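Asks: Contents are compact mmCIF, C-alpha atoms; file name start.txt:
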# COMPACT_ATOMS: atom_id res chain seq x y z
CA MET T 1 -102.84 -39.98 24.63
CA ASN T 2 -102.44 -40.34 20.87
CA TYR T 3 -101.77 -36.64 20.67
CA PRO T 4 -99.02 -35.98 18.15
CA SER T 5 -95.99 -35.05 20.19
CA GLY T 6 -95.08 -32.05 18.03
CA ILE T 7 -98.26 -30.34 19.02
CA ARG T 8 -97.89 -31.57 22.53
CA LYS T 9 -94.34 -30.21 22.72
CA GLU T 10 -95.63 -26.80 21.65
CA LYS T 11 -98.38 -27.07 24.20
CA GLU T 12 -95.77 -28.05 26.75
CA LYS T 13 -93.66 -25.03 25.90
CA ASP T 14 -96.69 -22.80 26.28
CA LEU T 15 -97.48 -24.42 29.57
CA PHE T 16 -93.91 -23.95 30.68
CA LEU T 17 -94.21 -20.24 29.93
CA GLN T 18 -97.58 -20.11 31.68
CA LYS T 19 -95.95 -21.67 34.69
CA LEU T 20 -93.74 -18.65 35.08
CA ASN T 21 -96.74 -16.36 35.18
CA TYR T 22 -99.62 -18.29 36.66
CA LYS T 23 -100.41 -20.98 39.12
CA ASN T 24 -99.60 -24.50 38.00
CA ARG T 25 -103.13 -25.34 36.96
CA GLY T 26 -103.79 -27.47 33.95
CA MET T 27 -100.28 -28.89 33.54
CA THR T 28 -100.20 -32.22 31.77
CA LEU T 29 -98.68 -35.25 33.47
CA GLU T 30 -96.00 -35.40 30.78
CA SER T 31 -95.09 -31.81 31.36
CA ASP T 32 -94.96 -32.33 35.14
CA ILE T 33 -92.66 -35.32 34.72
CA ASN T 34 -90.40 -33.53 32.25
CA ILE T 35 -90.03 -30.56 34.58
CA SER T 36 -89.34 -32.87 37.51
CA ASN T 37 -86.72 -34.77 35.50
CA GLU T 38 -85.03 -31.50 34.57
CA TYR T 39 -84.92 -30.61 38.24
CA TYR T 40 -83.51 -34.03 39.19
CA ARG T 41 -80.80 -33.57 36.56
CA GLU T 42 -79.94 -30.07 37.74
CA ILE T 43 -79.36 -31.26 41.28
CA GLU T 44 -77.66 -34.40 39.88
CA LYS T 45 -80.07 -36.66 41.70
CA ALA T 46 -81.13 -38.75 38.70
CA PHE T 47 -80.70 -38.82 34.94
CA ILE T 48 -84.05 -39.78 33.54
CA TYR T 49 -85.26 -38.73 30.10
CA LYS T 50 -88.34 -39.06 27.96
CA LYS T 51 -87.54 -40.95 24.79
CA PRO T 52 -88.27 -39.22 21.50
CA THR T 53 -91.60 -40.16 19.92
CA PRO T 54 -91.02 -43.08 17.56
CA ILE T 55 -91.87 -42.28 13.96
CA LYS T 56 -91.38 -43.89 10.59
CA ILE T 57 -89.94 -41.45 8.09
CA THR T 58 -91.03 -42.02 4.49
CA LYS T 59 -89.96 -38.84 2.70
CA VAL T 60 -87.00 -36.53 3.25
CA ASP T 61 -86.00 -33.41 1.31
CA TYR T 62 -82.54 -31.89 1.19
CA PRO T 63 -82.88 -28.18 0.41
CA SER T 64 -79.19 -27.82 1.27
CA ARG T 65 -76.31 -30.14 2.06
CA ASP T 66 -76.58 -30.14 5.84
CA LYS T 67 -80.27 -29.40 6.17
CA ALA T 68 -82.75 -32.23 5.89
CA VAL T 69 -86.49 -31.66 6.05
CA ILE T 70 -88.80 -34.56 6.77
CA LYS T 71 -91.73 -34.26 4.38
CA GLU T 72 -93.69 -37.33 5.38
CA ALA T 73 -93.61 -39.47 8.48
CA PHE T 74 -95.98 -41.49 10.62
CA PHE T 75 -96.28 -42.10 14.32
CA THR T 76 -95.43 -45.70 15.18
CA ILE T 77 -96.27 -47.83 18.19
CA PRO T 78 -93.51 -47.60 20.80
CA SER T 79 -91.81 -50.91 21.67
CA THR T 80 -90.78 -49.77 25.12
CA THR T 81 -91.94 -47.29 27.72
CA ASP T 82 -91.63 -43.51 27.45
CA TYR T 83 -89.13 -42.81 30.22
CA ASN T 84 -85.93 -44.41 31.39
CA GLY T 85 -82.71 -43.54 33.09
CA LEU T 86 -80.40 -43.85 36.04
CA TYR T 87 -81.05 -43.28 39.74
CA LYS T 88 -78.77 -44.36 42.60
CA GLY T 89 -76.97 -46.73 40.26
CA LYS T 90 -80.25 -48.38 39.33
CA TYR T 91 -82.02 -48.67 36.01
CA ILE T 92 -85.38 -46.84 36.12
CA ASP T 93 -88.09 -47.44 33.52
CA PHE T 94 -91.67 -46.27 33.43
CA GLU T 95 -94.71 -45.33 31.42
CA ALA T 96 -96.92 -42.35 32.27
CA LYS T 97 -100.60 -42.10 31.36
CA GLU T 98 -103.51 -39.83 32.04
CA THR T 99 -107.13 -40.89 32.21
CA LYS T 100 -110.28 -38.79 32.44
CA SER T 101 -112.16 -41.65 34.06
CA LYS T 102 -113.08 -41.21 37.72
CA SER T 103 -113.30 -44.91 38.44
CA SER T 104 -110.70 -46.92 36.52
CA PHE T 105 -107.69 -46.98 34.22
CA ALA T 106 -108.33 -48.77 30.91
CA LEU T 107 -105.63 -51.32 30.13
CA ASN T 108 -105.75 -50.62 26.40
CA ASN T 109 -103.74 -47.51 27.29
CA ILE T 110 -100.70 -49.77 27.56
CA HIS T 111 -99.60 -51.75 24.49
CA PRO T 112 -98.96 -55.50 24.93
CA HIS T 113 -95.25 -55.15 24.10
CA GLN T 114 -94.96 -52.37 26.66
CA ILE T 115 -96.37 -54.78 29.24
CA LYS T 116 -93.83 -57.39 28.11
CA HIS T 117 -91.10 -54.77 28.41
CA ILE T 118 -92.17 -53.82 31.95
CA GLU T 119 -92.15 -57.52 32.83
CA ASN T 120 -88.64 -57.96 31.40
CA ILE T 121 -87.29 -54.99 33.31
CA HIS T 122 -88.95 -56.07 36.54
CA TYR T 123 -87.60 -59.63 36.36
CA HIS T 124 -84.08 -58.43 35.54
CA GLU T 125 -83.54 -56.16 38.52
CA GLY T 126 -84.65 -52.90 36.95
CA ILE T 127 -87.10 -50.58 38.71
CA ALA T 128 -90.21 -50.45 36.53
CA PHE T 129 -93.56 -48.82 37.23
CA LEU T 130 -96.52 -46.90 35.85
CA ILE T 131 -97.44 -43.35 36.73
CA VAL T 132 -101.17 -42.89 36.24
CA ARG T 133 -103.03 -39.64 36.69
CA PHE T 134 -106.79 -39.49 37.11
CA THR T 135 -107.07 -35.97 35.73
CA THR T 136 -110.67 -35.37 36.78
CA LEU T 137 -109.85 -36.31 40.37
CA ASN T 138 -106.42 -34.68 40.19
CA GLU T 139 -104.88 -37.80 41.76
CA THR T 140 -101.57 -39.24 40.54
CA TYR T 141 -100.37 -42.73 41.43
CA LEU T 142 -97.17 -44.65 41.07
CA LEU T 143 -97.97 -48.33 40.54
CA PRO T 144 -94.91 -50.61 40.93
CA ALA T 145 -94.39 -53.25 38.22
CA LYS T 146 -94.86 -56.02 40.80
CA ASP T 147 -98.41 -54.91 41.63
CA PHE T 148 -99.26 -54.06 38.04
CA LEU T 149 -98.15 -57.51 36.83
CA SER T 150 -99.91 -59.31 39.66
CA PHE T 151 -103.14 -57.49 38.77
CA LEU T 152 -102.78 -58.65 35.16
CA GLN T 153 -102.18 -62.22 36.27
CA LYS T 154 -105.09 -62.42 38.68
CA GLU T 155 -107.73 -60.35 36.97
CA GLU T 156 -109.56 -60.73 33.70
CA ARG T 157 -110.69 -57.11 33.77
CA LYS T 158 -109.92 -54.67 31.00
CA SER T 159 -109.28 -51.85 33.40
CA ILE T 160 -107.68 -51.30 36.77
CA PRO T 161 -110.20 -49.86 39.23
CA LEU T 162 -109.27 -46.70 41.13
CA GLU T 163 -109.74 -48.75 44.28
CA PHE T 164 -106.80 -50.96 43.26
CA PHE T 165 -104.61 -47.87 42.96
CA LYS T 166 -105.76 -46.61 46.35
CA THR T 167 -104.82 -49.93 47.93
CA ASN T 168 -101.69 -50.97 46.00
CA ALA T 169 -100.16 -47.88 44.45
CA TYR T 170 -98.51 -44.87 46.04
CA GLN T 171 -100.13 -41.49 45.61
CA ILE T 172 -97.71 -38.81 44.43
CA LYS T 173 -98.49 -35.42 45.86
CA ASP T 174 -97.96 -32.26 43.83
CA GLY T 175 -95.09 -30.12 44.95
CA TYR T 176 -93.19 -27.13 43.76
CA ASN T 177 -89.69 -28.42 43.06
CA PRO T 178 -89.79 -31.09 41.89
CA ARG T 179 -93.33 -30.70 40.67
CA LEU T 180 -93.94 -34.45 40.98
CA ASP T 181 -91.48 -36.04 43.37
CA TYR T 182 -91.88 -39.62 42.19
CA LEU T 183 -88.35 -40.58 43.22
CA LYS T 184 -89.45 -40.23 46.85
CA ILE T 185 -91.70 -43.20 46.16
CA VAL T 186 -88.98 -45.04 44.25
CA ASP T 187 -86.89 -44.70 47.42
CA GLN T 188 -89.63 -46.51 49.32
CA ILE T 189 -89.77 -49.25 46.70
CA ILE T 190 -86.03 -49.88 46.70
CA GLY T 191 -85.84 -49.40 50.45
CA GLY T 192 -83.48 -46.51 49.91
CA ILE T 193 -82.47 -43.64 52.17
CA MET F 1 -73.57 -39.99 10.57
CA ASN F 2 -76.14 -37.28 9.88
CA TYR F 3 -77.99 -39.73 7.72
CA PRO F 4 -81.73 -39.31 8.18
CA SER F 5 -82.88 -42.30 10.15
CA GLY F 6 -85.84 -43.05 7.91
CA ILE F 7 -83.55 -43.79 5.05
CA ARG F 8 -81.16 -45.53 7.35
CA LYS F 9 -83.97 -47.71 8.73
CA GLU F 10 -84.86 -48.74 5.20
CA LYS F 11 -81.21 -49.45 4.52
CA GLU F 12 -81.11 -51.43 7.72
CA LYS F 13 -84.11 -53.47 6.67
CA ASP F 14 -82.48 -54.18 3.33
CA LEU F 15 -79.28 -55.15 5.08
CA PHE F 16 -81.21 -57.38 7.41
CA LEU F 17 -82.69 -59.14 4.39
CA GLN F 18 -79.27 -59.33 2.76
CA LYS F 19 -77.99 -60.97 5.91
CA LEU F 20 -80.30 -63.88 5.32
CA ASN F 21 -78.90 -64.43 1.85
CA TYR F 22 -75.31 -63.30 1.84
CA LYS F 23 -72.32 -63.05 4.06
CA ASN F 24 -72.42 -60.26 6.60
CA ARG F 25 -70.30 -57.88 4.57
CA GLY F 26 -71.03 -54.20 4.58
CA MET F 27 -73.29 -54.11 7.62
CA THR F 28 -73.36 -50.75 9.35
CA LEU F 29 -72.33 -50.49 12.98
CA GLU F 30 -75.85 -49.40 13.90
CA SER F 31 -77.31 -52.41 12.18
CA ASP F 32 -74.81 -54.75 13.90
CA ILE F 33 -75.69 -53.30 17.30
CA ASN F 34 -79.43 -53.47 16.67
CA ILE F 35 -79.20 -57.11 15.65
CA SER F 36 -77.03 -57.89 18.66
CA ASN F 37 -79.49 -56.15 20.98
CA GLU F 38 -82.35 -58.14 19.48
CA TYR F 39 -80.39 -61.31 20.18
CA TYR F 40 -79.63 -60.23 23.75
CA ARG F 41 -83.34 -59.59 24.29
CA GLU F 42 -84.34 -62.93 22.80
CA ILE F 43 -82.09 -64.83 25.18
CA GLU F 44 -83.11 -62.42 27.99
CA LYS F 45 -79.52 -61.42 28.62
CA ALA F 46 -80.02 -57.67 28.36
CA PHE F 47 -82.71 -55.15 27.42
CA ILE F 48 -80.94 -52.46 25.49
CA TYR F 49 -82.65 -50.35 22.82
CA LYS F 50 -81.76 -47.65 20.37
CA LYS F 51 -83.70 -44.50 21.13
CA PRO F 52 -85.88 -43.09 18.35
CA THR F 53 -84.26 -40.29 16.35
CA PRO F 54 -85.22 -36.97 17.96
CA ILE F 55 -87.18 -34.69 15.65
CA LYS F 56 -89.12 -31.49 15.98
CA ILE F 57 -92.53 -31.78 14.34
CA THR F 58 -93.85 -28.55 12.83
CA LYS F 59 -96.82 -29.70 10.71
CA VAL F 60 -99.28 -32.54 11.18
CA ASP F 61 -102.26 -33.50 9.02
CA TYR F 62 -105.27 -35.53 10.12
CA PRO F 63 -106.78 -37.24 7.09
CA SER F 64 -108.92 -39.24 9.52
CA ARG F 65 -109.61 -39.24 13.22
CA ASP F 66 -107.03 -41.77 14.32
CA LYS F 67 -104.49 -41.31 11.53
CA ALA F 68 -101.99 -38.50 11.81
CA VAL F 69 -99.47 -37.75 9.07
CA ILE F 70 -96.43 -35.64 9.85
CA LYS F 71 -96.03 -33.20 6.97
CA GLU F 72 -93.00 -31.29 8.19
CA ALA F 73 -90.37 -32.10 10.77
CA PHE F 74 -86.68 -31.52 11.38
CA PHE F 75 -83.91 -33.60 12.85
CA THR F 76 -82.79 -32.18 16.17
CA ILE F 77 -79.57 -32.62 18.14
CA PRO F 78 -79.92 -35.50 20.61
CA SER F 79 -79.46 -34.54 24.26
CA THR F 80 -78.34 -38.00 25.29
CA THR F 81 -76.69 -41.02 23.70
CA ASP F 82 -78.34 -43.35 21.20
CA TYR F 83 -78.54 -46.55 23.23
CA ASN F 84 -79.48 -47.38 26.76
CA GLY F 85 -80.92 -50.17 28.79
CA LEU F 86 -80.54 -52.79 31.47
CA TYR F 87 -77.92 -55.50 31.91
CA LYS F 88 -77.32 -57.55 35.07
CA GLY F 89 -79.27 -55.00 37.08
CA LYS F 90 -77.03 -52.23 35.81
CA TYR F 91 -77.82 -49.16 33.77
CA ILE F 92 -76.04 -49.29 30.39
CA ASP F 93 -75.62 -46.20 28.21
CA PHE F 94 -73.57 -45.71 25.08
CA GLU F 95 -73.06 -43.91 21.81
CA ALA F 96 -71.96 -45.68 18.62
CA LYS F 97 -70.08 -43.98 15.80
CA GLU F 98 -68.36 -44.96 12.60
CA THR F 99 -65.38 -43.19 11.07
CA LYS F 100 -63.75 -43.64 7.70
CA SER F 101 -60.44 -42.32 9.02
CA LYS F 102 -57.61 -44.82 9.37
CA SER F 103 -55.79 -42.87 12.03
CA SER F 104 -58.16 -41.12 14.45
CA PHE F 105 -61.70 -40.49 15.62
CA ALA F 106 -62.78 -36.84 15.35
CA LEU F 107 -64.31 -35.57 18.58
CA ASN F 108 -66.83 -33.38 16.76
CA ASN F 109 -68.69 -36.66 16.19
CA ILE F 110 -69.90 -36.41 19.77
CA HIS F 111 -71.96 -33.38 20.81
CA PRO F 112 -70.87 -31.50 23.97
CA HIS F 113 -74.11 -32.36 25.84
CA GLN F 114 -73.59 -36.01 24.93
CA ILE F 115 -70.17 -35.80 26.57
CA LYS F 116 -71.79 -34.18 29.61
CA HIS F 117 -74.35 -36.97 29.63
CA ILE F 118 -71.68 -39.68 29.49
CA GLU F 119 -69.91 -37.92 32.36
CA ASN F 120 -73.11 -37.81 34.42
CA ILE F 121 -73.80 -41.49 33.87
CA HIS F 122 -70.23 -42.48 34.65
CA TYR F 123 -70.12 -40.50 37.91
CA HIS F 124 -73.48 -41.87 39.04
CA GLU F 125 -72.70 -45.58 38.81
CA GLY F 126 -74.01 -46.22 35.33
CA ILE F 127 -71.95 -48.12 32.74
CA ALA F 128 -71.21 -45.65 29.95
CA PHE F 129 -68.99 -46.08 26.91
CA LEU F 130 -68.46 -45.39 23.24
CA ILE F 131 -68.42 -47.96 20.48
CA VAL F 132 -66.30 -46.67 17.61
CA ARG F 133 -65.79 -48.46 14.34
CA PHE F 134 -62.95 -47.60 11.97
CA THR F 135 -64.82 -48.80 8.89
CA THR F 136 -61.84 -48.72 6.53
CA LEU F 137 -59.81 -50.90 8.91
CA ASN F 138 -62.85 -52.92 9.93
CA GLU F 139 -61.89 -52.54 13.59
CA THR F 140 -64.48 -51.86 16.29
CA TYR F 141 -63.57 -50.65 19.78
CA LEU F 142 -65.40 -50.22 23.03
CA LEU F 143 -63.97 -47.23 24.88
CA PRO F 144 -65.09 -47.05 28.53
CA ALA F 145 -66.30 -43.66 29.79
CA LYS F 146 -63.43 -43.50 32.27
CA ASP F 147 -60.80 -43.62 29.53
CA PHE F 148 -62.77 -41.38 27.19
CA LEU F 149 -63.17 -38.71 29.88
CA SER F 150 -59.55 -38.94 30.96
CA PHE F 151 -58.48 -38.41 27.34
CA LEU F 152 -60.65 -35.28 27.16
CA GLN F 153 -59.18 -33.96 30.39
CA LYS F 154 -55.56 -34.55 29.49
CA GLU F 155 -55.50 -33.81 25.79
CA GLU F 156 -56.19 -30.70 23.80
CA ARG F 157 -56.54 -32.68 20.58
CA LYS F 158 -59.66 -32.58 18.46
CA SER F 159 -59.51 -36.27 17.71
CA ILE F 160 -58.65 -39.49 19.49
CA PRO F 161 -55.80 -41.30 17.71
CA LEU F 162 -56.28 -44.94 16.75
CA GLU F 163 -53.26 -45.66 18.93
CA PHE F 164 -55.23 -44.51 21.99
CA PHE F 165 -57.96 -47.00 21.14
CA LYS F 166 -55.41 -49.77 20.68
CA THR F 167 -53.96 -49.05 24.12
CA ASN F 168 -57.02 -48.08 26.18
CA ALA F 169 -60.08 -49.50 24.49
CA TYR F 170 -61.22 -53.07 23.97
CA GLN F 171 -61.50 -54.40 20.45
CA ILE F 172 -64.82 -56.11 19.76
CA LYS F 173 -64.49 -59.02 17.39
CA ASP F 174 -67.21 -59.82 14.86
CA GLY F 175 -69.20 -62.91 15.59
CA TYR F 176 -72.27 -64.65 14.33
CA ASN F 177 -74.71 -64.50 17.22
CA PRO F 178 -74.50 -61.93 18.61
CA ARG F 179 -72.95 -60.17 15.68
CA LEU F 180 -71.09 -57.77 17.98
CA ASP F 181 -70.74 -59.23 21.46
CA TYR F 182 -70.03 -55.98 23.28
CA LEU F 183 -71.50 -57.25 26.56
CA LYS F 184 -68.54 -59.63 26.85
CA ILE F 185 -66.44 -56.49 27.22
CA VAL F 186 -68.94 -54.88 29.58
CA ASP F 187 -68.48 -57.98 31.74
CA GLN F 188 -64.75 -57.25 31.91
CA ILE F 189 -65.43 -53.62 32.82
CA ILE F 190 -67.83 -54.46 35.63
CA GLY F 191 -65.71 -57.42 36.70
CA GLY F 192 -68.61 -59.72 35.94
CA ILE F 193 -68.78 -63.43 35.27
Can you present the structure in this file as structure tokens?

Replies:
Amino acid sequence: MNYPSGIRKEKEKDLFLQKLNYKNRGMTLESDINISNEYYREIEKAFIYKKPTPIKITKVDYPSRDKAVIKEAFFTIPSTTDYNGLYKGKYIDFEAKETKSKSSFALNNIHPHQIKHIENIHYHEGIAFLIVRFTTLNETYLLPAKDFLSFLQKEERKSIPLEFFKTNAYQIKDGYNPRLDYLKIVDQIIGGI
Amino acid sequence: MNYPSGIRKEKEKDLFLQKLNYKNRGMTLESDINISNEYYREIEKAFIYKKPTPIKITKVDYPSRDKAVIKEAFFTIPSTTDYNGLYKGKYIDFEAKETKSKSSFALNNIHPHQIKHIENIHYHEGIAFLIVRFTTLNETYLLPAKDFLSFLQKEERKSIPLEFFKTNAYQIKDGYNPRLDYLKIVDQIIGGI
């Protein structure tokens, strides 16, 4: 998950091209979500975007007046989640993570200030959640903030067992368009149409 | 406004330090908004963040396993606005711009897809607006999306005259904490408390 996003973006682009030619095997969760968000925007259902990767820029060159080239920069720890936006007049906010584990999702995947952020959003009437994909099992879950936070409160464990997802989260099935229809689950959470 | 954000961040940090020692003269609009957002978060009034500057990374070095250094990257055109977040259960979205002009705000400061984004948010029950500061006059205005979009529809002009701001926008007065209490105006827009 600490993959530098530049490389990932390129990978994403390649995968996007692959998608046109092959079956949708091997797509990353991020890529699935981005494609789904594009689709939601096209049909004007929701306006949800991935935030740019936060970096700290330490050196910039100006080969010409209006062209700046970053010559040195570092990835920094994000203070919020990766995705946010607007759906049915509501503020949507979530983090998406993949794990190769077949049995649990390690909590060190989520930074403490991201947890604080999810808590803030949840307690101030925003819709916050995690999307977690167990890549080996090819199972993707949407875990509402309420259940995520209650797990953290009750448990001392350093990971959330798959069993907890099976019981408390909503499985998101793969589809064609959108590829990952997570808003269907958000509808259930907000008691929508 | 095309200032590379790395440099700007450093400037911001310096300005933040200055703030502790001197009067708040010469603060940038971005810095004022960031400080105000921090204050809003501290008192749990709103959770609004500036998005990271979007860049395209083209070269990354790995001097060690968990340390990546970006060796080449470029600033890219943002597809959305700079700030968004949650306030009173509502989705907030805005762009902030400074102009040195004493008479008008040039529309080429806002990219076409940012205008489209503001339109999308406005028509889907989000609270969207511009914050524009006329630095020479030291006047800062909040222009609601509704009025901004109606200007674009009615007028062929390439800039919004100051007079339009005086008539249709809300002036935001400088304060101490928060430095720029723009949520007071958002309250008026949403008919809040």

Asks: Which one of F:Ser101, F:Thr167, F:Asn37, F:Thr76 sits closest to Arg133 of chain F if you count only C-alpha atoms?

Replies: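 Among the listed residues, the smallest separation from Arg133 of chain F belongs to F:Ser101.
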
Asks: Taking all atoms listed in the file into account and nothing else, which residues of chain T lie no more than 7 Å away from chain F? Please answer as a list in words.

Replies: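 Close enough to count are Gly6, Lys51, Pro52, Thr53, Pro54, Lys56, Ile57, Thr58, Ala68, Val69, Ile70, Lys71, Glu72, Ala73, Phe74, Leu86, Lys88, Gly89, Lys90, Tyr91, His124, Glu125 and Gly126 of chain T.
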
Asks: Quick check, in Å to one decimal: how far apart do atom CA of Ser104 of chain F and atom CA of Ser36 of chain F lie?

Replies: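 So the two atoms, atom CA of Ser104 of chain F and atom CA of Ser36 of chain F, lie 25.6 Å apart.
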
Asks: Between F:Val132, F:Ala96, F:Asp61, F:Ile185, which has the minimum distance to Asn34 of chain F (counting all atoms listed in the file)?

Replies: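 Answer, going by the shortest atom-to-atom distance: F:Ala96.
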
Asks: So, with all atoms listed in the file as the atoms that count, which of F:Ser159, F:Ser64, F:Thr136, F:Gln171 lies closest to Lys184 of chain F?

Replies: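 With all atoms listed in the file as the atom set, the closest residue is F:Gln171.
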
Asks: Point out the residue among T:Ser31, T:Thr140, T:Gln188, T:Ser150 with the least atom-to-atom distance to Ile172 of chain T, counting only C-alpha atoms.

Replies: T:Thr140

Asks: So how many Å separate atom CA of Glu95 of chain T and atom CA of Phe129 of chain T, to one decimal?

Replies: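 So the answer is 6.9 Å.
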
Asks: Quick one: distance from atom CA of Lys100 of chain T to atom CA of Leu183 of chain T in Å, one decimal?

Replies: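 Atom-to-atom, atom CA of Lys100 of chain T and atom CA of Leu183 of chain T are spaced 24.5 Å apart.
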
Asks: List as a list of chain:residue names the residues having at least one atom at most 8 Å from position (-65.0, -39.8, 24.4) as given in the file, counting all atoms listed in the file.

Replies: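 Looking at atoms near the point gives F:Leu107, F:Ile110, F:Ile115, F:Phe129, F:Leu130, F:Leu143, F:Ala145, F:Asp147, F:Phe148, F:Leu149, F:Phe151, F:Leu152.
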
Asks: Looking at only C-alpha atoms, which of T:Glu156, T:Glu119, T:Glu163, T:Asp181 is the one that sits closest to Glu38 of chain T?

Replies: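 Using only C-alpha atoms, Glu38 of chain T sits closest to T:Asp181.
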
Asks: Could I get segment 120-139 of chain F rebuilt with N, CA and C atoms, written as a PDB file, keeping the file's coordinate frame?

Replies:
ATOM      1  N   ASN F 120     -72.089 -37.631  33.381  1.00  0.00           N
ATOM      2  CA  ASN F 120     -73.110 -37.810  34.420  1.00  0.00           C
ATOM      3  C   ASN F 120     -73.339 -39.286  34.726  1.00  0.00           C
ATOM      4  N   ILE F 121     -73.517 -40.063  33.680  1.00  0.00           N
ATOM      5  CA  ILE F 121     -73.800 -41.490  33.870  1.00  0.00           C
ATOM      6  C   ILE F 121     -72.623 -42.175  34.559  1.00  0.00           C
ATOM      7  N   HIS F 122     -71.425 -41.853  34.084  1.00  0.00           N
ATOM      8  CA  HIS F 122     -70.230 -42.480  34.650  1.00  0.00           C
ATOM      9  C   HIS F 122     -70.082 -42.157  36.145  1.00  0.00           C
ATOM     10  N   TYR F 123     -70.312 -40.900  36.515  1.00  0.00           N
ATOM     11  CA  TYR F 123     -70.120 -40.500  37.910  1.00  0.00           C
ATOM     12  C   TYR F 123     -71.285 -40.884  38.813  1.00  0.00           C
ATOM     13  N   HIS F 124     -72.340 -41.444  38.224  1.00  0.00           N
ATOM     14  CA  HIS F 124     -73.480 -41.870  39.040  1.00  0.00           C
ATOM     15  C   HIS F 124     -73.738 -43.364  38.898  1.00  0.00           C
ATOM     16  N   GLU F 125     -72.648 -44.108  38.754  1.00  0.00           N
ATOM     17  CA  GLU F 125     -72.700 -45.580  38.810  1.00  0.00           C
ATOM     18  C   GLU F 125     -73.377 -46.270  37.642  1.00  0.00           C
ATOM     19  N   GLY F 126     -73.539 -45.550  36.544  1.00  0.00           N
ATOM     20  CA  GLY F 126     -74.010 -46.220  35.330  1.00  0.00           C
ATOM     21  C   GLY F 126     -72.798 -46.711  34.542  1.00  0.00           C
ATOM     22  N   ILE F 127     -73.028 -47.628  33.610  1.00  0.00           N
ATOM     23  CA  ILE F 127     -71.950 -48.120  32.740  1.00  0.00           C
ATOM     24  C   ILE F 127     -72.072 -47.379  31.416  1.00  0.00           C
ATOM     25  N   ALA F 128     -71.156 -46.440  31.178  1.00  0.00           N
ATOM     26  CA  ALA F 128     -71.210 -45.650  29.950  1.00  0.00           C
ATOM     27  C   ALA F 128     -69.962 -45.907  29.105  1.00  0.00           C
ATOM     28  N   PHE F 129     -70.141 -45.874  27.803  1.00  0.00           N
ATOM     29  CA  PHE F 129     -68.990 -46.080  26.910  1.00  0.00           C
ATOM     30  C   PHE F 129     -69.318 -45.624  25.503  1.00  0.00           C
ATOM     31  N   LEU F 130     -68.279 -45.617  24.670  1.00  0.00           N
ATOM     32  CA  LEU F 130     -68.460 -45.390  23.240  1.00  0.00           C
ATOM     33  C   LEU F 130     -68.140 -46.687  22.512  1.00  0.00           C
ATOM     34  N   ILE F 131     -68.855 -46.922  21.419  1.00  0.00           N
ATOM     35  CA  ILE F 131     -68.420 -47.960  20.480  1.00  0.00           C
ATOM     36  C   ILE F 131     -68.039 -47.233  19.201  1.00  0.00           C
ATOM     37  N   VAL F 132     -66.793 -47.366  18.798  1.00  0.00           N
ATOM     38  CA  VAL F 132     -66.300 -46.670  17.610  1.00  0.00           C
ATOM     39  C   VAL F 132     -65.783 -47.689  16.606  1.00  0.00           C
ATOM     40  N   ARG F 133     -66.283 -47.576  15.398  1.00  0.00           N
ATOM     41  CA  ARG F 133     -65.790 -48.460  14.340  1.00  0.00           C
ATOM     42  C   ARG F 133     -64.983 -47.665  13.312  1.00  0.00           C
ATOM     43  N   PHE F 134     -63.770 -48.117  13.078  1.00  0.00           N
ATOM     44  CA  PHE F 134     -62.950 -47.600  11.970  1.00  0.00           C
ATOM     45  C   PHE F 134     -63.313 -48.461  10.767  1.00  0.00           C
ATOM     46  N   THR F 135     -64.248 -47.957   9.958  1.00  0.00           N
ATOM     47  CA  THR F 135     -64.820 -48.800   8.890  1.00  0.00           C
ATOM     48  C   THR F 135     -63.783 -49.251   7.875  1.00  0.00           C
ATOM     49  N   THR F 136     -62.838 -48.377   7.541  1.00  0.00           N
ATOM     50  CA  THR F 136     -61.840 -48.720   6.530  1.00  0.00           C
ATOM     51  C   THR F 136     -60.941 -49.863   7.019  1.00  0.00           C
ATOM     52  N   LEU F 137     -60.661 -49.853   8.326  1.00  0.00           N
ATOM     53  CA  LEU F 137     -59.810 -50.900   8.910  1.00  0.00           C
ATOM     54  C   LEU F 137     -60.633 -52.113   9.343  1.00  0.00           C
ATOM     55  N   ASN F 138     -61.949 -51.919   9.374  1.00  0.00           N
ATOM     56  CA  ASN F 138     -62.850 -52.920   9.930  1.00  0.00           C
ATOM     57  C   ASN F 138     -62.476 -53.320  11.353  1.00  0.00           C
ATOM     58  N   GLU F 139     -62.209 -52.297  12.179  1.00  0.00           N
ATOM     59  CA  GLU F 139     -61.890 -52.540  13.590  1.00  0.00           C
ATOM     60  C   GLU F 139     -62.906 -51.775  14.447  1.00  0.00           C
TER      61      GLU F 139
END
